[in-house]
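Structure data (compact mmCIF, C-alpha atoms) from final.txt:
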```
# COMPACT_ATOMS: atom_id res chain seq x y z
CA MET Q 585 33.14 -20.77 -7.03
CA LEU Q 586 30.67 -18.89 -4.82
CA GLN Q 587 33.07 -15.98 -4.56
CA GLU Q 588 33.35 -15.81 -8.34
CA ARG Q 589 29.58 -15.91 -8.73
CA PHE Q 590 29.16 -13.22 -6.07
CA TYR Q 591 31.73 -11.05 -7.84
CA ASP Q 592 30.08 -11.53 -11.23
CA ASN Q 593 26.59 -10.79 -9.92
CA PHE Q 594 27.21 -7.85 -7.61
CA ILE Q 595 30.74 -6.43 -7.82
CA LYS Q 596 31.60 -6.56 -11.53
CA ASP Q 597 30.48 -3.44 -13.40
CA ASP Q 598 28.92 -2.19 -10.14
CA ARG Q 599 25.90 -4.44 -10.65
CA TRP Q 600 24.92 -4.03 -7.00
CA GLU Q 601 23.68 -0.60 -8.01
CA TYR Q 602 20.75 -2.24 -9.81
CA ILE Q 603 19.65 -3.65 -6.46
CA LEU Q 604 20.17 -0.37 -4.60
CA ASP Q 605 18.42 1.74 -7.22
CA GLY Q 606 15.58 -0.76 -7.39
CA LEU Q 607 15.19 -0.76 -3.62
CA THR Q 608 14.95 3.05 -3.64
CA VAL Q 609 12.22 2.95 -6.29
CA THR Q 610 10.32 0.21 -4.44
CA LEU Q 611 10.29 2.15 -1.18
CA GLN Q 612 9.35 5.38 -2.96
CA VAL Q 613 6.43 3.76 -4.79
CA THR Q 614 5.25 1.97 -1.64
CA PHE Q 615 5.37 5.06 0.57
CA PHE Q 616 3.49 7.38 -1.78
CA ALA Q 617 1.04 4.67 -2.85
CA VAL Q 618 0.15 4.16 0.81
CA LEU Q 619 -0.56 7.89 1.15
CA VAL Q 620 -2.77 7.85 -1.95
CA GLY Q 621 -4.51 4.72 -0.69
CA ILE Q 622 -5.19 6.25 2.72
CA ILE Q 623 -6.68 9.42 1.20
CA ILE Q 624 -8.92 7.48 -1.19
CA GLY Q 625 -9.84 4.90 1.41
CA PHE Q 626 -10.68 7.50 4.04
CA LEU Q 627 -13.01 9.42 1.72
CA ILE Q 628 -14.80 6.27 0.55
CA ALA Q 629 -15.14 4.97 4.09
CA ILE Q 630 -16.75 8.26 5.19
CA ILE Q 631 -19.21 8.14 2.28
CA ARG Q 632 -20.16 4.49 2.82
CA SER Q 633 -20.45 4.71 6.60
CA THR Q 634 -22.52 7.89 6.30
CA TYR Q 635 -24.87 6.10 3.91
CA ASP Q 636 -25.10 3.09 6.25
CA LYS Q 637 -25.94 5.26 9.24
CA THR Q 638 -28.05 8.04 7.73
CA GLY Q 639 -29.10 6.90 4.26
CA LYS Q 640 -27.54 10.03 2.74
CA MET Q 641 -25.03 10.18 -0.16
CA LYS Q 642 -26.86 7.43 -2.04
CA ILE Q 643 -25.39 8.27 -5.46
CA LEU Q 644 -21.83 8.65 -4.13
CA ASN Q 645 -22.22 5.38 -2.25
CA PHE Q 646 -23.26 3.67 -5.51
CA PHE Q 647 -20.11 4.86 -7.31
CA CYS Q 648 -18.00 3.84 -4.31
CA ASN Q 649 -19.46 0.34 -4.48
CA VAL Q 650 -18.67 0.16 -8.20
CA TYR Q 651 -15.09 1.24 -7.50
CA LEU Q 652 -14.67 -1.33 -4.73
CA THR Q 653 -16.15 -4.12 -6.86
CA VAL Q 654 -13.94 -3.38 -9.88
CA ILE Q 655 -10.69 -2.80 -8.00
CA ARG Q 656 -11.06 -5.74 -5.62
CA GLY Q 657 -12.28 -8.01 -8.40
CA THR Q 658 -9.39 -7.54 -10.83
CA PRO Q 659 -5.66 -8.32 -10.45
CA VAL Q 660 -3.41 -5.41 -9.52
CA VAL Q 661 -1.03 -6.18 -12.39
CA VAL Q 662 -3.89 -5.79 -14.89
CA GLN Q 663 -4.83 -2.47 -13.31
CA LEU Q 664 -1.19 -1.36 -13.59
CA LEU Q 665 -1.06 -2.27 -17.27
CA ILE Q 666 -4.38 -0.54 -18.02
CA ILE Q 667 -3.30 2.68 -16.31
CA TYR Q 668 0.08 2.70 -18.09
CA PHE Q 669 -0.79 1.46 -21.59
CA VAL Q 670 -4.42 2.61 -21.90
CA ILE Q 671 -5.06 5.63 -19.69
CA PHE Q 672 -1.58 7.17 -20.05
CA GLY Q 673 -0.64 5.34 -23.25
CA SER Q 674 -0.39 8.49 -25.35
CA VAL Q 675 1.31 10.59 -22.67
CA ASP Q 676 5.00 10.78 -21.81
CA ILE Q 677 4.72 10.24 -18.07
CA SER Q 678 6.93 8.99 -15.26
CA LYS Q 679 6.65 5.25 -14.66
CA VAL Q 680 7.11 5.90 -10.95
CA PHE Q 681 4.06 8.18 -10.95
CA VAL Q 682 2.02 5.57 -12.84
CA ALA Q 683 3.04 2.88 -10.34
CA ILE Q 684 2.18 5.13 -7.39
CA MET Q 685 -1.27 5.87 -8.81
CA ALA Q 686 -1.97 2.25 -9.76
CA PHE Q 687 -0.97 0.78 -6.41
CA GLY Q 688 -2.53 3.70 -4.53
CA ILE Q 689 -5.88 3.24 -6.27
CA ASN Q 690 -5.71 -0.50 -5.63
CA SER Q 691 -4.77 -0.05 -1.99
CA GLY Q 692 -7.53 2.55 -1.52
CA ALA Q 693 -10.20 -0.11 -2.04
CA TYR Q 694 -8.84 -2.22 0.81
CA VAL Q 695 -8.06 0.74 3.06
CA ALA Q 696 -11.65 1.93 2.57
CA GLU Q 697 -12.99 -1.30 4.03
CA ILE Q 698 -10.46 -1.13 6.87
CA PHE Q 699 -11.59 2.41 7.79
CA ARG Q 700 -15.25 1.54 7.32
CA SER Q 701 -14.99 -1.48 9.60
CA GLY Q 702 -13.30 0.73 12.20
CA ILE Q 703 -16.07 3.32 12.01
CA MET Q 704 -18.86 0.74 12.12
CA SER Q 705 -17.22 -0.97 15.12
CA ILE Q 706 -17.80 2.12 17.27
CA ASP Q 707 -20.89 1.70 19.42
CA ASN Q 708 -23.93 3.77 18.45
CA GLY Q 709 -23.93 5.11 21.99
CA GLN Q 710 -20.96 7.25 20.96
CA PHE Q 711 -23.14 8.99 18.38
CA GLU Q 712 -25.79 9.58 21.02
CA ALA Q 713 -23.14 10.98 23.33
CA GLY Q 714 -22.10 13.39 20.57
CA ARG Q 715 -25.67 14.56 20.10
CA SER Q 716 -26.07 15.06 23.85
CA LEU Q 717 -23.07 17.39 23.68
CA GLY Q 718 -24.75 19.40 20.95
CA PHE Q 719 -22.62 18.06 18.08
CA ASN Q 720 -24.11 17.50 14.64
CA TYR Q 721 -23.25 14.36 12.62
CA THR Q 722 -20.10 15.83 11.08
CA GLN Q 723 -18.78 17.10 14.41
CA THR Q 724 -19.54 13.77 16.10
CA MET Q 725 -17.61 11.93 13.39
CA ARG Q 726 -14.70 14.35 13.60
CA TYR Q 727 -14.27 14.66 17.35
CA ILE Q 728 -15.60 11.38 18.74
CA ILE Q 729 -15.88 8.58 16.19
CA MET Q 730 -12.85 9.04 13.91
CA PRO Q 731 -10.19 9.28 16.67
CA GLN Q 732 -11.41 5.97 18.12
CA ALA Q 733 -11.82 4.31 14.72
CA PHE Q 734 -8.37 5.43 13.55
CA LYS Q 735 -6.78 4.01 16.67
CA ASN Q 736 -8.55 0.69 16.10
CA VAL Q 737 -7.46 0.33 12.47
CA LEU Q 738 -3.82 1.44 12.79
CA PRO Q 739 -2.48 -2.15 13.01
CA ALA Q 740 -4.53 -3.17 9.96
CA LEU Q 741 -3.16 -0.17 8.05
CA GLY Q 742 0.33 -1.30 8.99
CA ASN Q 743 -0.37 -4.73 7.54
CA GLU Q 744 -1.74 -3.12 4.37
CA PHE Q 745 1.59 -1.30 4.02
CA ILE Q 746 3.41 -4.65 4.19
CA VAL Q 747 1.09 -6.21 1.59
CA LEU Q 748 1.55 -3.22 -0.71
CA LEU Q 749 5.33 -3.42 -0.38
CA LYS Q 750 5.27 -6.95 -1.79
CA GLU Q 751 2.69 -6.12 -4.47
CA THR Q 752 4.99 -3.50 -5.99
CA SER Q 753 7.20 -6.36 -7.20
CA VAL Q 754 5.06 -6.49 -10.37
CA SER Q 755 6.17 -2.97 -11.38
CA GLY Q 756 8.55 -4.53 -13.88
CA TYR Q 757 5.57 -5.17 -16.17
CA ILE Q 758 5.76 -1.49 -17.18
CA ALA Q 759 9.58 -1.61 -17.34
CA LEU Q 760 9.96 0.23 -14.05
CA GLN Q 761 13.26 -0.71 -12.46
CA ASP Q 762 12.11 -1.64 -8.97
CA LEU Q 763 13.87 -4.07 -6.65
CA THR Q 764 12.62 -7.20 -8.43
CA LYS Q 765 13.43 -5.78 -11.86
CA GLY Q 766 16.90 -4.84 -10.65
CA GLY Q 767 17.59 -8.45 -9.69
CA ASP Q 768 16.22 -9.64 -13.02
CA ILE Q 769 18.49 -7.24 -14.92
CA ILE Q 770 21.51 -8.72 -13.14
CA ARG Q 771 20.24 -12.21 -14.04
CA SER Q 772 20.01 -11.20 -17.70
CA ARG Q 773 23.62 -9.94 -17.61
CA THR Q 774 25.19 -12.91 -15.84
CA TYR Q 775 22.80 -15.73 -16.82
CA ASP Q 776 22.88 -16.69 -13.15
CA ALA Q 777 19.42 -16.50 -11.56
CA PHE Q 778 20.25 -17.89 -8.13
CA MET Q 779 22.21 -15.09 -6.45
CA PRO Q 780 20.43 -11.95 -7.71
CA LEU Q 781 16.94 -13.36 -7.16
CA LEU Q 782 17.93 -14.77 -3.76
CA ALA Q 783 19.29 -11.35 -2.82
CA VAL Q 784 15.99 -9.73 -3.87
CA ALA Q 785 13.98 -12.27 -1.87
CA LEU Q 786 16.15 -11.74 1.22
CA ILE Q 787 15.80 -7.95 1.00
CA TYR Q 788 12.00 -8.24 0.77
CA LEU Q 789 12.03 -10.69 3.67
CA VAL Q 790 14.13 -8.39 5.86
CA MET Q 791 11.92 -5.38 5.07
CA VAL Q 792 8.75 -7.34 5.81
CA MET Q 793 10.21 -8.63 9.09
CA ILE Q 794 11.17 -5.08 10.13
CA PHE Q 795 7.75 -3.63 9.28
CA THR Q 796 5.99 -6.59 10.92
CA LYS Q 797 7.99 -5.96 14.08
CA LEU Q 798 7.00 -2.28 14.00
CA VAL Q 799 3.32 -3.18 13.52
CA ASN Q 800 3.49 -5.63 16.45
CA MET Q 801 5.07 -2.93 18.63
CA LEU Q 802 2.30 -0.55 17.62
CA GLU Q 803 -0.38 -3.13 18.50
CA ARG Q 804 1.16 -3.70 21.94
CA ARG Q 805 1.34 0.03 22.60
CA LEU Q 806 -2.31 0.47 21.62
CA ARG Q 807 -3.37 -2.43 23.85
CA ASN Q 808 -1.42 -0.99 26.78
CA SER Q 809 -2.99 2.43 26.28
CA ASP Q 810 -6.44 0.85 26.66
CA HIS Q 811 -5.69 -0.39 30.17
```
Can you dump the structure from the file as structure tokens?
Amino acid sequence: MLQERFYDNFIKDDRWEYILDGLTVTLQVTFFAVLVGIIIGFLIAIIRSTYDKTGKMKILNFFCNVYLTVIRGTPVVVQLLIIYFVIFGSVDISKVFVAIMAFGINSGAYVAEIFRSGIMSIDNGQFEAGRSLGFNYTQTMRYIIMPQAFKNVLPALGNEFIVLLKETSVSGYIALQDLTKGGDIIRSRTYDAFMPLLAVALIYLVMVMIFTKLVNMLERRLRNSDH
């Protein structure tokens, strides 16, 4: 019985390809969304931390706060639907690109706070040390503060990658065939929800376990380098 169900769900008509193709899309969206999120988050963190420390960039800081409030205060699936059906509703555009932008913009709000917390955690004495070396604010941030802050937030960025990987499972709302959608397509063909959805869950679980292991290894290496 189980063999027949396995055959119907994965072997017959090469239905396993739905899972493989969906996994490829999921990893592609996650990887590029993380890059977008890091770029956005880094820029916003610089603006906000500069405002906190110097009082400059007041207007940019205001818009950054609006962005953070809106993005962190609304569900990611709603943001995905707005970007696809409203912003790009009249444009023939790749669903993968839309997903990357939606998840990247969402992730950027959280990455911004991760970077900002890393910058603000650096003792003010480091800024004074930069000034004593003749550095201006920008040079102090570039050569002294950011290397230390980036090292401190690397584990948190790794965890954000894991969270984003799971969040991409809602991509099916715009008919993007990601991993979850691939399993659901098989379910719609076979009318058997157990095996395809269990396979999807197991693949997510394995990926999360692998990335969690990598993040833990990174944290240990960073702790050892501090000794």
Contact check, stretch 662-773 of chain Q to stretch 610-620 of chain Q, at most 12 Å, counting all atoms listed in the file, closest pairs as CSV:
```
residue,atom,partner,partner_atom,distance
Q:Ser678,CA,Q:Val613,CA,11.7
Q:Lys679,CA,Q:Val613,CA,10.0
Q:Val680,CA,Q:Val613,CA,6.6
Q:Phe681,CA,Q:Val613,CA,7.9
Q:Val682,CA,Q:Val613,CA,9.4
Q:Ala683,CA,Q:Val613,CA,6.6
Q:Ile684,CA,Q:Ala617,CA,4.7
Q:Met685,CA,Q:Ala617,CA,6.5
Q:Ala686,CA,Q:Ala617,CA,7.9
Q:Phe687,CA,Q:Ala617,CA,5.6
Q:Gly688,CA,Q:Ala617,CA,4.1
Q:Ile689,CA,Q:Val620,CA,7.0
Q:Asn690,CA,Q:Ala617,CA,8.9
Q:Ser691,CA,Q:Val618,CA,7.1
Q:Gly692,CA,Q:Val620,CA,7.1
Q:Ala693,CA,Q:Val620,CA,10.9
Q:Tyr694,CA,Q:Val618,CA,11.0
Q:Val695,CA,Q:Val618,CA,9.2
Q:Ala696,CA,Q:Val620,CA,11.6
Q:Leu741,CA,Q:Val618,CA,9.1
Q:Gly742,CA,Q:Val618,CA,9.8
Q:Asn743,CA,Q:Val618,CA,11.2
Q:Glu744,CA,Q:Val618,CA,8.3
Q:Phe745,CA,Q:Val618,CA,6.5
Q:Ile746,CA,Q:Thr614,CA,9.0
Q:Val747,CA,Q:Thr614,CA,9.7
Q:Leu748,CA,Q:Thr614,CA,6.4
Q:Leu749,CA,Q:Thr614,CA,5.5
Q:Lys750,CA,Q:Thr614,CA,8.9
Q:Glu751,CA,Q:Thr614,CA,8.9
Q:Thr752,CA,Q:Thr610,CA,6.7
Q:Ser753,CA,Q:Thr610,CA,7.8
Q:Val754,CA,Q:Thr610,CA,10.4
Q:Ser755,CA,Q:Thr610,CA,8.7
Q:Gly756,CA,Q:Thr610,CA,10.7
Q:Leu760,CA,Q:Thr610,CA,9.6
Q:Gln761,CA,Q:Thr610,CA,8.6
Q:Asp762,CA,Q:Thr610,CA,5.2
Q:Leu763,CA,Q:Thr610,CA,6.0
Q:Thr764,CA,Q:Thr610,CA,8.7
Q:Lys765,CA,Q:Thr610,CA,10.0
Q:Gly766,CA,Q:Thr610,CA,10.4
```
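The coordinates place atom CA of Q:Val675 at 29.0 Å from atom CA of Q:Glu601.
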Between atom CA of Q:Asn649 and atom CA of Q:Ile623, what distance in Å does the model show, to one decimal? 16.7 Å
Write out as a tab-separated table the residues of stretch 722-789 of chain Q that have any atom within 12 Å of an atom of stretch 632-645 of chain Q, one row each with the nearest atom pair and its distance in Å to one decimal, counting only C-alpha atoms, sorted by chain and then rising number.
```
residue	atom	partner	partner_atom	distance
Q:Thr722	CA	Q:Thr634	CA	9.6
Q:Thr724	CA	Q:Thr634	CA	11.8
Q:Met725	CA	Q:Thr634	CA	9.5
Q:Ile729	CA	Q:Ser633	CA	11.3
Q:Met730	CA	Q:Ser633	CA	11.4
Q:Ala733	CA	Q:Ser633	CA	11.9
```
Taking into account all atoms listed in the file, which residue in the set Q:Ile631, Q:Val654, Q:Leu738, Q:Ile603 is nearest to Q:Arg805? Q:Leu738
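Taking all atoms listed in the file into account, Q:Arg804 lies nearest to Q:Pro739 out of the set Q:Ser716, Q:Leu652, Q:Val790, Q:Pro739.
You will find atom CA of Q:Leu604 at 17.6 Å from atom CA of Q:Ala777.
The closest residue to Q:Phe646, picked from Q:Leu806, Q:Ile671, Q:Ile628, Q:Ile595 and counting all atoms listed in the file, is Q:Ile628.
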Do a neighbour search on stretch 772-774 of chain Q at 9 Å with all atoms listed in the file, toss out local chain neighbours closer than 6 positions, and write the hits as a PDB file with C-alpha atoms, keeping the file's coordinate frame.
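Full text of out23.pdb as output:
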```
ATOM      1  CA  ARG Q 589      29.580 -15.910  -8.730  1.00  0.00           C
ATOM      2  CA  ASP Q 592      30.080 -11.530 -11.230  1.00  0.00           C
ATOM      3  CA  ASN Q 593      26.590 -10.790  -9.920  1.00  0.00           C
TER       4      ASN Q 593
END
```
Using only C-alpha atoms: which of Q:Ser674, Q:Ser705, Q:Thr608, Q:Gln723 has the shortest distance to Q:Lys735: Q:Ser705
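If you measure from each of Q:Val792, Q:Tyr757, Q:Asp776, Q:Ile728 to Q:Val661 using only C-alpha atoms, the closest one turns out to be Q:Tyr757.
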So that all listed atoms of stretch 669-675 of chain Q fit with 4 Å spare on each side, what axis-aligned box centre and edge lengths in Å, to one decimal, would you give as lines of an AutoDock Vina configuration file?
```
center_x = -1.9
center_y = 6.0
center_z = -22.5
size_x = 14.4
size_y = 17.1
size_z = 13.7
```
Writing N, CA and C atoms and nothing else, produce stretch 715-741 of chain Q as a short mmCIF file (atom, residue, chain, number, x, y, z; two decimals), in the first residue's frame.
```cif
data_model
loop_
_atom_site.label_atom_id
_atom_site.label_comp_id
_atom_site.auth_asym_id
_atom_site.auth_seq_id
_atom_site.Cartn_x
_atom_site.Cartn_y
_atom_site.Cartn_z
N ARG Q 715 39.04 58.75 16.60
CA ARG Q 715 39.36 60.18 16.52
C ARG Q 715 40.81 60.44 16.91
N SER Q 716 41.30 59.68 17.90
CA SER Q 716 42.69 59.87 18.33
C SER Q 716 43.67 59.47 17.24
N LEU Q 717 43.20 58.60 16.32
CA LEU Q 717 44.04 58.20 15.19
C LEU Q 717 43.90 59.16 14.02
N GLY Q 718 43.06 60.16 14.17
CA GLY Q 718 42.88 61.14 13.10
C GLY Q 718 41.78 60.79 12.12
N PHE Q 719 40.96 59.76 12.44
CA PHE Q 719 39.87 59.36 11.55
C PHE Q 719 38.68 60.28 11.75
N ASN Q 720 37.95 60.57 10.67
CA ASN Q 720 36.66 61.24 10.82
C ASN Q 720 35.59 60.18 11.12
N TYR Q 721 34.33 60.61 11.21
CA TYR Q 721 33.26 59.66 11.58
C TYR Q 721 33.14 58.52 10.58
N THR Q 722 33.16 58.85 9.30
CA THR Q 722 33.01 57.83 8.26
C THR Q 722 34.16 56.82 8.30
N GLN Q 723 35.37 57.31 8.45
CA GLN Q 723 36.53 56.42 8.51
C GLN Q 723 36.50 55.55 9.76
N THR Q 724 36.06 56.12 10.88
CA THR Q 724 35.96 55.35 12.12
C THR Q 724 34.95 54.23 11.96
N MET Q 725 33.80 54.55 11.34
CA MET Q 725 32.78 53.51 11.10
C MET Q 725 33.32 52.42 10.18
N ARG Q 726 34.04 52.83 9.14
CA ARG Q 726 34.50 51.88 8.14
C ARG Q 726 35.61 50.96 8.65
N TYR Q 727 36.58 51.54 9.34
CA TYR Q 727 37.77 50.76 9.70
C TYR Q 727 37.73 50.17 11.11
N ILE Q 728 36.93 50.74 11.99
CA ILE Q 728 36.95 50.29 13.39
C ILE Q 728 35.63 49.68 13.83
N ILE Q 729 34.54 50.40 13.60
CA ILE Q 729 33.25 49.98 14.15
C ILE Q 729 32.63 48.83 13.36
N MET Q 730 32.52 48.99 12.03
CA MET Q 730 31.81 48.00 11.22
C MET Q 730 32.44 46.61 11.24
N PRO Q 731 33.78 46.48 11.19
CA PRO Q 731 34.34 45.12 11.27
C PRO Q 731 33.95 44.40 12.57
N GLN Q 732 33.94 45.13 13.69
CA GLN Q 732 33.56 44.52 14.96
C GLN Q 732 32.07 44.22 15.00
N ALA Q 733 31.26 45.16 14.51
CA ALA Q 733 29.81 44.98 14.53
C ALA Q 733 29.40 43.82 13.64
N PHE Q 734 30.02 43.73 12.45
CA PHE Q 734 29.67 42.66 11.51
C PHE Q 734 29.99 41.30 12.11
N LYS Q 735 31.11 41.21 12.78
CA LYS Q 735 31.50 39.96 13.44
C LYS Q 735 30.48 39.57 14.51
N ASN Q 736 29.98 40.58 15.24
CA ASN Q 736 29.03 40.31 16.31
C ASN Q 736 27.67 39.83 15.81
N VAL Q 737 27.27 40.32 14.63
CA VAL Q 737 25.91 40.02 14.15
C VAL Q 737 25.87 38.86 13.16
N LEU Q 738 27.00 38.29 12.80
CA LEU Q 738 27.00 37.18 11.84
C LEU Q 738 26.08 36.02 12.24
N PRO Q 739 26.12 35.57 13.50
CA PRO Q 739 25.19 34.49 13.89
C PRO Q 739 23.73 34.89 13.73
N ALA Q 740 23.39 36.12 14.08
CA ALA Q 740 22.01 36.59 13.95
C ALA Q 740 21.60 36.64 12.48
N LEU Q 741 22.53 37.02 11.61
CA LEU Q 741 22.24 37.03 10.17
C LEU Q 741 22.01 35.61 9.67
#
```
